[in-house]
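To be precise, the following lines are target-v3.tsv, and they hold TSV, C-alpha atoms.
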```
chain	number	residue	atom	x	y	z
A	2	MET	CA	0.00	0.00	0.00
A	3	GLU	CA	2.80	2.42	0.96
A	4	ARG	CA	4.62	1.64	-2.30
A	5	ASN	CA	1.46	2.34	-4.30
A	6	GLU	CA	1.15	5.71	-2.56
A	7	ASN	CA	4.76	6.53	-3.46
A	8	VAL	CA	4.09	5.66	-7.11
A	9	MET	CA	0.94	7.80	-7.07
A	10	ASN	CA	2.85	10.69	-5.50
A	11	LEU	CA	5.55	10.40	-8.16
A	12	SER	CA	2.93	10.38	-10.90
A	13	THR	CA	1.24	13.42	-9.40
A	14	ARG	CA	4.56	15.28	-9.21
A	15	LYS	CA	4.99	15.02	-12.97
A	16	HIS	CA	2.16	17.51	-13.36
A	17	LYS	CA	3.70	19.95	-10.87
A	18	VAL	CA	7.17	20.38	-12.35
A	19	PHE	CA	6.42	23.35	-14.58
A	20	THR	CA	4.41	25.46	-12.17
A	21	THR	CA	5.01	29.20	-12.23
A	22	LYS	CA	6.55	29.12	-8.75
A	23	ASN	CA	8.90	26.28	-9.65
A	24	MET	CA	10.08	28.00	-12.82
A	25	ILE	CA	10.72	31.24	-10.91
A	26	LEU	CA	12.74	29.27	-8.36
A	27	VAL	CA	14.64	27.48	-11.13
A	28	ALA	CA	15.56	30.82	-12.70
A	29	MET	CA	16.58	32.25	-9.32
A	30	PHE	CA	18.66	29.23	-8.32
A	31	GLY	CA	20.20	29.15	-11.80
A	32	ALA	CA	21.30	32.78	-11.51
A	33	ILE	CA	22.78	32.16	-8.04
A	34	SER	CA	24.52	29.05	-9.33
A	35	MET	CA	26.08	31.00	-12.21
A	36	ALA	CA	27.31	33.67	-9.79
A	37	LEU	CA	28.86	31.00	-7.54
A	38	MET	CA	30.48	29.43	-10.60
A	39	MET	CA	32.39	32.67	-11.14
A	40	VAL	CA	33.80	32.55	-7.59
A	41	ASP	CA	36.24	29.67	-7.89
A	42	PHE	CA	39.67	28.84	-6.57
A	43	PRO	CA	42.25	26.08	-6.98
A	44	ILE	CA	43.00	23.51	-4.29
A	45	PRO	CA	46.43	21.91	-3.82
A	46	ILE	CA	45.51	18.36	-4.83
A	47	ALA	CA	44.39	19.26	-8.37
A	48	PRO	CA	46.01	20.94	-11.38
A	49	ALA	CA	45.47	24.70	-11.63
A	50	PHE	CA	42.92	24.36	-14.45
A	51	MET	CA	40.55	22.56	-12.05
A	52	LYS	CA	38.76	24.99	-9.74
A	53	PHE	CA	36.65	24.48	-6.63
A	54	ASP	CA	33.30	26.28	-6.53
A	55	PHE	CA	29.88	25.98	-4.92
A	56	ALA	CA	27.88	26.22	-8.16
A	57	ASP	CA	26.27	22.80	-7.58
A	58	LEU	CA	24.83	23.85	-4.21
A	59	PRO	CA	21.75	25.71	-5.57
A	60	ALA	CA	21.08	22.83	-7.98
A	61	MET	CA	21.12	20.22	-5.21
A	62	LEU	CA	18.97	22.41	-2.98
A	63	ALA	CA	16.48	22.71	-5.84
A	64	THR	CA	16.62	18.94	-6.34
A	65	PHE	CA	15.83	18.23	-2.70
A	66	MET	CA	13.11	20.87	-2.50
A	67	MET	CA	11.42	20.27	-5.85
A	68	GLY	CA	12.93	17.29	-7.68
A	69	PRO	CA	15.70	16.20	-10.08
A	70	VAL	CA	14.08	17.78	-13.14
A	71	GLU	CA	14.21	21.19	-11.49
A	72	GLY	CA	17.78	20.54	-10.33
A	73	ILE	CA	18.90	19.73	-13.87
A	74	LEU	CA	17.07	22.80	-15.18
A	75	VAL	CA	18.98	24.92	-12.66
A	76	CYS	CA	22.23	23.58	-14.14
A	77	ILE	CA	21.03	24.31	-17.68
A	78	VAL	CA	20.11	27.88	-16.70
A	79	LYS	CA	23.51	28.29	-15.00
A	80	LEU	CA	25.39	27.12	-18.09
A	81	ALA	CA	23.22	29.17	-20.47
A	82	LEU	CA	23.86	32.34	-18.45
A	83	LYS	CA	27.57	31.57	-18.26
A	84	LEU	CA	27.75	31.11	-22.04
A	85	MET	CA	25.84	34.35	-22.61
A	86	ILE	CA	28.14	36.33	-20.31
A	87	LYS	CA	31.54	34.71	-20.83
A	88	GLY	CA	31.15	32.34	-23.75
A	89	THR	CA	33.01	29.04	-23.77
A	90	GLU	CA	36.72	28.66	-23.16
A	91	THR	CA	36.65	24.90	-23.75
A	92	ALA	CA	34.76	24.47	-27.05
A	93	PHE	CA	31.73	23.40	-24.93
A	94	VAL	CA	33.59	20.37	-23.56
A	95	GLY	CA	33.79	21.90	-20.10
A	96	GLU	CA	30.11	22.80	-20.11
A	97	LEU	CA	29.18	19.26	-21.15
A	98	ALA	CA	31.41	17.81	-18.42
A	99	ASN	CA	29.76	20.13	-15.90
A	100	LEU	CA	26.27	18.96	-16.91
A	101	ILE	CA	27.26	15.28	-16.83
A	102	ALA	CA	28.64	15.72	-13.32
A	103	ALA	CA	25.55	17.56	-12.13
A	104	ILE	CA	23.23	14.83	-13.41
A	105	ALA	CA	25.40	12.09	-11.88
A	106	TYR	CA	25.28	13.94	-8.55
A	107	MET	CA	21.62	14.89	-8.36
A	108	VAL	CA	19.71	11.99	-9.91
A	109	PRO	CA	20.80	9.18	-7.54
A	110	ALA	CA	20.47	11.50	-4.54
A	111	ALA	CA	16.97	12.54	-5.62
A	112	LEU	CA	15.82	8.96	-6.19
A	113	ILE	CA	16.96	7.85	-2.73
A	114	TYR	CA	15.56	10.92	-0.96
A	115	HIS	CA	12.22	10.58	-2.77
A	116	PHE	CA	11.57	7.26	-1.02
A	117	LYS	CA	13.16	8.11	2.34
A	118	ARG	CA	12.45	11.71	3.32
A	119	THR	CA	14.23	11.67	6.66
A	120	LYS	CA	17.52	13.13	7.89
A	121	LYS	CA	19.10	9.71	7.60
A	122	GLY	CA	17.65	9.32	4.11
A	123	ALA	CA	19.05	12.72	3.12
A	124	ALA	CA	22.48	11.80	4.49
A	125	VAL	CA	22.49	8.50	2.60
A	126	ALA	CA	21.23	10.21	-0.58
A	127	LEU	CA	23.92	12.89	-0.49
A	128	THR	CA	26.63	10.32	0.27
A	129	VAL	CA	25.57	8.13	-2.65
A	130	GLY	CA	25.37	11.19	-4.91
A	131	THR	CA	28.88	12.27	-3.92
A	132	ILE	CA	30.37	8.83	-4.54
A	133	THR	CA	28.48	8.39	-7.82
A	134	VAL	CA	29.52	11.74	-9.29
A	135	SER	CA	33.13	11.18	-8.22
A	136	ILE	CA	33.24	7.85	-10.06
A	137	VAL	CA	31.45	9.27	-13.12
A	138	CYS	CA	33.88	12.20	-13.26
A	139	VAL	CA	36.85	9.81	-13.24
A	140	LEU	CA	35.37	7.74	-16.07
A	141	SER	CA	34.22	10.71	-18.18
A	142	ASN	CA	37.54	12.54	-17.75
A	143	LEU	CA	39.58	9.41	-18.42
A	144	PHE	CA	37.80	8.34	-21.59
A	145	PHE	CA	36.33	11.56	-22.99
A	146	ILE	CA	37.00	14.96	-21.37
A	147	PHE	CA	40.79	14.95	-21.10
A	148	PRO	CA	41.33	13.29	-24.52
A	149	ALA	CA	38.92	15.85	-26.04
A	150	TYR	CA	40.81	18.75	-24.45
A	151	SER	CA	44.09	17.33	-25.69
A	152	LYS	CA	42.81	16.94	-29.25
A	153	LEU	CA	40.88	20.23	-29.49
A	154	TYR	CA	43.67	22.39	-28.12
A	155	GLY	CA	46.64	20.43	-29.37
A	156	ILE	CA	47.96	19.91	-25.85
A	157	PRO	CA	49.96	16.69	-25.52
A	158	MET	CA	48.53	14.38	-22.88
A	159	GLU	CA	52.01	14.26	-21.37
A	160	ALA	CA	51.74	18.00	-20.65
A	161	ILE	CA	48.43	17.51	-18.84
A	162	ILE	CA	49.88	14.64	-16.84
A	163	GLY	CA	52.86	16.88	-16.10
A	164	MET	CA	50.55	19.43	-14.46
A	165	GLY	CA	49.42	16.67	-12.12
A	166	HIS	CA	52.99	15.51	-11.53
A	167	ALA	CA	53.92	19.05	-10.48
A	168	ILE	CA	51.58	18.79	-7.49
A	169	ASN	CA	52.06	15.09	-6.75
A	170	SER	CA	55.22	13.24	-7.78
A	171	HIS	CA	53.31	9.94	-7.78
A	172	ILE	CA	51.23	11.10	-10.77
A	173	ASN	CA	52.96	9.78	-13.89
A	174	SER	CA	50.10	8.56	-16.09
A	175	LEU	CA	46.56	9.56	-16.99
A	176	PHE	CA	45.17	6.82	-14.75
A	177	SER	CA	47.22	7.95	-11.75
A	178	LEU	CA	46.09	11.53	-12.43
A	179	MET	CA	42.50	10.31	-12.17
A	180	MET	CA	43.06	8.29	-9.01
A	181	LEU	CA	45.31	10.68	-7.11
A	182	SER	CA	43.88	14.02	-8.20
A	183	ILE	CA	40.53	13.97	-10.02
A	184	LEU	CA	38.89	11.45	-7.68
A	185	PRO	CA	39.85	13.15	-4.38
A	186	PHE	CA	39.10	16.57	-5.86
A	187	ASN	CA	35.52	15.59	-6.65
A	188	LEU	CA	35.04	13.72	-3.38
A	189	ILE	CA	36.05	16.90	-1.54
A	190	LYS	CA	34.09	19.27	-3.76
A	191	PHE	CA	30.81	17.39	-3.79
A	192	GLY	CA	31.30	16.23	-0.21
A	193	VAL	CA	31.46	19.84	0.98
A	194	VAL	CA	28.42	20.75	-1.15
A	195	SER	CA	26.56	17.79	0.34
A	196	ILE	CA	27.36	18.84	3.90
A	197	VAL	CA	26.13	22.39	3.29
A	198	THR	CA	23.01	21.05	1.56
A	199	PHE	CA	22.27	18.77	4.52
A	200	LEU	CA	22.62	21.65	6.96
A	201	VAL	CA	20.46	24.23	5.18
A	202	TYR	CA	17.94	22.60	2.83
A	203	LYS	CA	15.15	22.02	5.38
A	204	ARG	CA	15.26	25.56	6.73
A	205	LEU	CA	15.37	27.01	3.24
A	206	LYS	CA	12.51	24.81	2.08
A	207	HIS	CA	10.34	25.92	5.00
A	208	LEU	CA	11.06	29.56	4.14
A	209	ILE	CA	10.14	29.10	0.47
A	210	PHE	CA	7.34	26.55	0.85
A	211	LYS	CA	5.73	27.66	4.10
A	212	ASP	CA	3.10	24.91	3.88
A	213	ALA	CA	5.76	22.17	3.48
```
Mind converting the file's structure to structure tokens?
Amino acid sequence: MERNENVMNLSTRKHKVFTTKNMILVAMFGAISMALMMVDFPIPIAPAFMKFDFADLPAMLATFMMGPVEGILVCIVKLALKLMIKGTETAFVGELANLIAAIAYMVPAALIYHFKRTKKGAAVALTVGTITVSIVCVLSNLFFIFPAYSKLYGIPMEAIIGMGHAINSHINSLFSLMMLSILPFNLIKFGVVSIVTFLVYKRLKHLIFKDA
């Protein structure tokens, strides 16, 4: 019976995605996400071209408050605004990588939280999302993103690996760059975003949806 109610609730939600309020919130969160994307900084475990930012925080908050569709739309709005203001510096490869990571982060977290709307459920959802996106980022960078950068910009892969070696002498191959730099970078980045999400999403949801 409880499962049937969950299925019915999910079906009902499909008709509530594109409400005026939700679309206003998506636009607002998207604008905040774009602004946060501009405030980035390097961290010592990753090459200088990889920057830490909190741009995924508004998207995950939107996902927990409204659903994964809205979270993904926030990311699309963020990237569209960024392209309008700054254009692309990566021939759209970076933007595609950003969207892939966002989907890998939000979708598993949203699916878990949908069926277990408790603090423990939120913690599990965010943990699974963080681990999933970290693995997906390793695979996408290993087999697509880094090779695409290398080919599009004529940068030898050895030079990219060298950037990693400069910060960690144990990095001497593309695989070791993934394991010793890209993986921990994303675990830290999305782990921090998850912690902040866990701490603030309920309060923020009650402010925005006073009847929730």
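Put simply, CA of Phe145 in chain A is 16.1 Å away from CA of Met51 in chain A.
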(request) Choose the residue, out of A:Lys203, A:Thr20, A:Met35, A:Ile172, that has the smallest atom-to-atom separation from Lys87 in chain A; count all atoms listed in the file. (result)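 Once distances to Lys87 in chain A are computed over all atoms listed in the file, the minimum belongs to A:Met35.
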(request) With a distance cut-off of 8 Å and only C-alpha atoms, select the neighbouring residues of Ala105 in chain A, excluding the residue or stretch itself and same-chain residues fewer than 2 positions from it, and output the selection as a ChimeraX atom specification. (result) /A:101-103,107-109,130,133-134,137
Within 10 Å of range 36-50 of chain A, which residues of range 125-167 of chain A come that close, and what is the closest atom pair and distance in Å for each? Count only C-alpha atoms and give it as CSV.
```
residue,atom,partner,partner_atom,distance
A:Ile161,CA,A:Pro48,CA,8.6
A:Ile162,CA,A:Pro48,CA,9.2
A:Gly163,CA,A:Pro48,CA,9.3
A:Met164,CA,A:Pro48,CA,5.7
A:Gly165,CA,A:Pro48,CA,5.5
A:His166,CA,A:Pro48,CA,8.8
A:Ala167,CA,A:Pro48,CA,8.2
```
(message) Quick one: residues within 9 Å of range 55-70 of chain A, all atoms listed in the file, excluding same-chain residues fewer than 5 positions away - as a ChimeraX atom specification?
(response) /A:14,18,23,26-27,30-31,33-41,75-76,79,103-104,106-108,110-112,114-115,123,190-191,193-195,197-199,201-203,205-206,210
(message) With distances taken over only C-alpha atoms, which residue among A:Leu97, A:Ile77, A:Phe144, A:Pro185 lies nearest Ala32 in chain A?
(response)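 The shortest atom-to-atom distance to Ala32 in chain A comes from A:Ile77.
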(request) Tell me which of A:Lys211, A:Leu80, A:Met179, A:Gly95 sits closest to Leu153 in chain A, counting all atoms listed in the file. (result)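 Closest to Leu153 in chain A, using all atoms listed in the file: A:Gly95.
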